[in-house]
Amino acid sequence: MAKHNVSRSIPSLFHPENSARNGRLPNAAIPARIARAYNQIATQQRKLIFCKSQSLRAMEDFAGGIDDPIWPFYFRTGENVDAIEAQVGVTQTGNAGSGPATGLLLLTRISTSTIINLTNGEGRVTYAGDVTPGAAIGCSDIAHVTVRINGLVANEEYAGAWLATNGLRLAYMSVAEVAKPIADDSVAVICNPSLFVREGPIYAAQFADLQQAANRLWKHNASHLLSWCVNYEIGGGGDAITNSTSYVDVIPNNAEIFINTINRGTLSRPNSIPVRMAVYATRSGGAGTTADFRLFDGTNSIEILNATITASPVFSWVSGSGVMSGTPANWRMQMRTDNAGTQIRVGAWSLFQWEA
């Protein structure tokens with residue numbers, strides 16, 4: 001096993017001498033370049049998971065104390081990913097809290113239902129700026145912070161959200177996977193370019209490593225497709241709500257979201273893009289316990305059916321798998337309840353390409 005330096009850009013896959021000196025055998029320098037390209041993808045190319053901001057002229061506000069979750073998101077880590085970073089702008093609200101304004105970006109591993117950073121202090125921020133209660137907030141009142149959470153497992157699903165105390169307010173946030181400067185070929189998707197020696201032999205096992213890396217990177221490291229959530233606070237009045245047993249739009253007035261799926265298929269299935277979808281929801285009242293959710297483009301749909309929804313005030317994520325077309329389209333997020341007396345509230349929605 002060895003570690004290899006990686007380029008910040010993908011190297012050219014073509015070598016000026018495509019064949020060995022005898023003119024018949026392939027040149028080992030070519031698969032070496034392919035190995036370095038895969039290593040660059042596996043270490044440097046990372047997914048943007050979430051991006052949201054609010055206007056300084058109309059920033060959301062709420063009372064002091066412990067507040068509801070803010071800006072929840074859901075994602076799946078790619079291969080060779082073990083950390084995320086959040087770039088966040090924080091400020092204090094106009095209310096006077098009982099202590100310092102603090103926030104914690106909680107990250108939960110879905111398969112084990114464990115919060116991975118609850119006790120280690122990662123993802124925590126404190127706002128020490130001086131904002132007079134009731135005063136307008138300007139750019140100089142925003143602290144720009146980077147928080148990092150380590151210890152993630154590759155190819156696993158996670159859910160995140162901010163919990164704020166004493167009126168901490170988020171002005172913006174972006175979340176992305178963290179790149180790595182070194183390629184460690186003890187990891188399954190990392191290749192060893194030094195195995196391919198110019199004018200040297202090429203073995204089937206070496207090509208098997210390239211094939212394994214290509215398959216896993218294509219299936220698990222594709223870009224995130226959709227992260228949507230309510231304006232700010234979950235449960236704070238901005239949630240999408242329905243008690244209809246027929247599908248209704250999460251965003252009213254037939255609002256659509258454009259999703260580009262060009263070049264996300266393969267030669268064998270160019271128009272079948274495997275995806276995962278997750279919805280953050282709760283229910284209240286009536287005898288209903290389940291709900292249906294779908295992305296709908298007017299013809300095709302990606303569905304989560306008969307999902308068991310937790311009772312209010314607790315929101316939880318439900319998820320499912322589907323297939324999208326390789327043709328870009330406008331989609332609408334839609335929901336319905338199983339009982340007209342039961343109200344369904346949706347706070348966030350996520351979609352990403354993934355294949356087992």
# chains A, B, ... in the order shown; residues from 1 in each chain; ligands from 1

$ select_by_dssp --residues "range 167-211 of chain A" --states "strand (DSSP E or B)" --output "PyMOL selection string"
chain A and resi 168-177+182-184

$ residues_around --residues "Met324 in chain A" --least-positions-apart "3" --cutoff "7 Å" --atoms "only C-alpha atoms" --output "PDB file with N, CA and C atoms, in the first residue's frame"
ATOM      1  N   SER A 272     -31.845   6.182 -17.853  1.00  0.00           N
ATOM      2  CA  SER A 272     -32.307   5.645 -16.574  1.00  0.00           C
ATOM      3  C   SER A 272     -31.283   6.014 -15.509  1.00  0.00           C
ATOM      4  N   ILE A 273     -31.579   7.042 -14.731  1.00  0.00           N
ATOM      5  CA  ILE A 273     -30.657   7.568 -13.733  1.00  0.00           C
ATOM      6  C   ILE A 273     -31.138   7.148 -12.344  1.00  0.00           C
ATOM      7  N   PRO A 274     -30.472   6.209 -11.673  1.00  0.00           N
ATOM      8  CA  PRO A 274     -30.902   5.804 -10.329  1.00  0.00           C
ATOM      9  C   PRO A 274     -30.692   6.945  -9.321  1.00  0.00           C
ATOM     10  N   VAL A 275     -31.699   7.202  -8.482  1.00  0.00           N
ATOM     11  CA  VAL A 275     -31.620   8.292  -7.514  1.00  0.00           C
ATOM     12  C   VAL A 275     -32.178   7.834  -6.169  1.00  0.00           C
TER      13      VAL A 275
END

$ residues_around --residues "range 238-244 of chain A" --least-positions-apart "3" --cutoff "8 Å" --atoms "only C-alpha atoms" --output "list in words"
Val230, Asn231, Tyr232, Glu233, Ile234, Gly235, Tyr247, Val248, Val250, Ile251, Met335, Arg336, Thr337, Asn339, Ala340, Gly341, Thr342, Gln343, Ile344, Arg345, Val346 and Gly347 of chain A

$ residues_around --residues "Tyr172 in chain A" --least-positions-apart "3" --cutoff "6 Å" --atoms "only C-alpha atoms" --output "PDB file with N, CA and C atoms, in the first residue's frame"
ATOM      1  N   LYS A  52     -27.773  27.953   1.017  1.00  0.00           N
ATOM      2  CA  LYS A  52     -28.960  28.769   1.275  1.00  0.00           C
ATOM      3  C   LYS A  52     -28.552  30.054   1.981  1.00  0.00           C
ATOM      4  N   SER A  53     -29.325  31.121   1.767  1.00  0.00           N
ATOM      5  CA  SER A  53     -29.066  32.390   2.434  1.00  0.00           C
ATOM      6  C   SER A  53     -30.387  33.125   2.632  1.00  0.00           C
ATOM      7  N   VAL A  88     -20.505  29.258   7.035  1.00  0.00           N
ATOM      8  CA  VAL A  88     -21.735  29.814   7.586  1.00  0.00           C
ATOM      9  C   VAL A  88     -21.515  31.240   8.077  1.00  0.00           C
ATOM     10  N   GLY A  89     -22.514  32.077   7.847  1.00  0.00           N
ATOM     11  CA  GLY A  89     -22.528  33.427   8.386  1.00  0.00           C
ATOM     12  C   GLY A  89     -23.517  33.490   9.532  1.00  0.00           C
TER      13      GLY A  89
END

$ residues_around --residues "Ala213 in chain A" --least-positions-apart "6" --cutoff "9 Å" --atoms "only C-alpha atoms" --output "list of chain:residue names"
A:Ala35, A:Tyr38, A:Asn39, A:Ala42, A:Ala188, A:Val189, A:Ile190, A:Cys191

$ write_last_selection --atoms "N, CA and C atoms" --output "CSV table (one decimal), in the first residue's frame"
chain,number,residue,atom,x,y,z
A,35,ALA,N,-5.3,6.0,-14.1
A,35,ALA,CA,-5.3,5.8,-12.6
A,35,ALA,C,-5.2,7.1,-11.9
A,38,TYR,N,-8.6,9.0,-12.0
A,38,TYR,CA,-9.5,8.4,-11.0
A,38,TYR,C,-9.1,8.9,-9.6
A,39,ASN,N,-7.8,8.9,-9.3
A,39,ASN,CA,-7.4,9.4,-8.0
A,39,ASN,C,-7.8,10.9,-7.8
A,42,ALA,N,-11.4,10.9,-7.0
A,42,ALA,CA,-11.7,10.3,-5.7
A,42,ALA,C,-11.3,11.2,-4.5
A,188,ALA,N,-10.4,1.4,-1.5
A,188,ALA,CA,-10.8,0.6,-2.6
A,188,ALA,C,-10.8,1.4,-3.9
A,189,VAL,N,-11.2,2.7,-3.9
A,189,VAL,CA,-11.4,3.4,-5.1
A,189,VAL,C,-10.1,4.2,-5.5
A,190,ILE,N,-9.0,4.0,-4.8
A,190,ILE,CA,-7.7,4.7,-5.1
A,190,ILE,C,-6.9,3.7,-5.9
A,191,CYS,N,-6.3,4.1,-7.0
A,191,CYS,CA,-5.5,3.3,-7.8
A,191,CYS,C,-4.0,3.6,-7.6
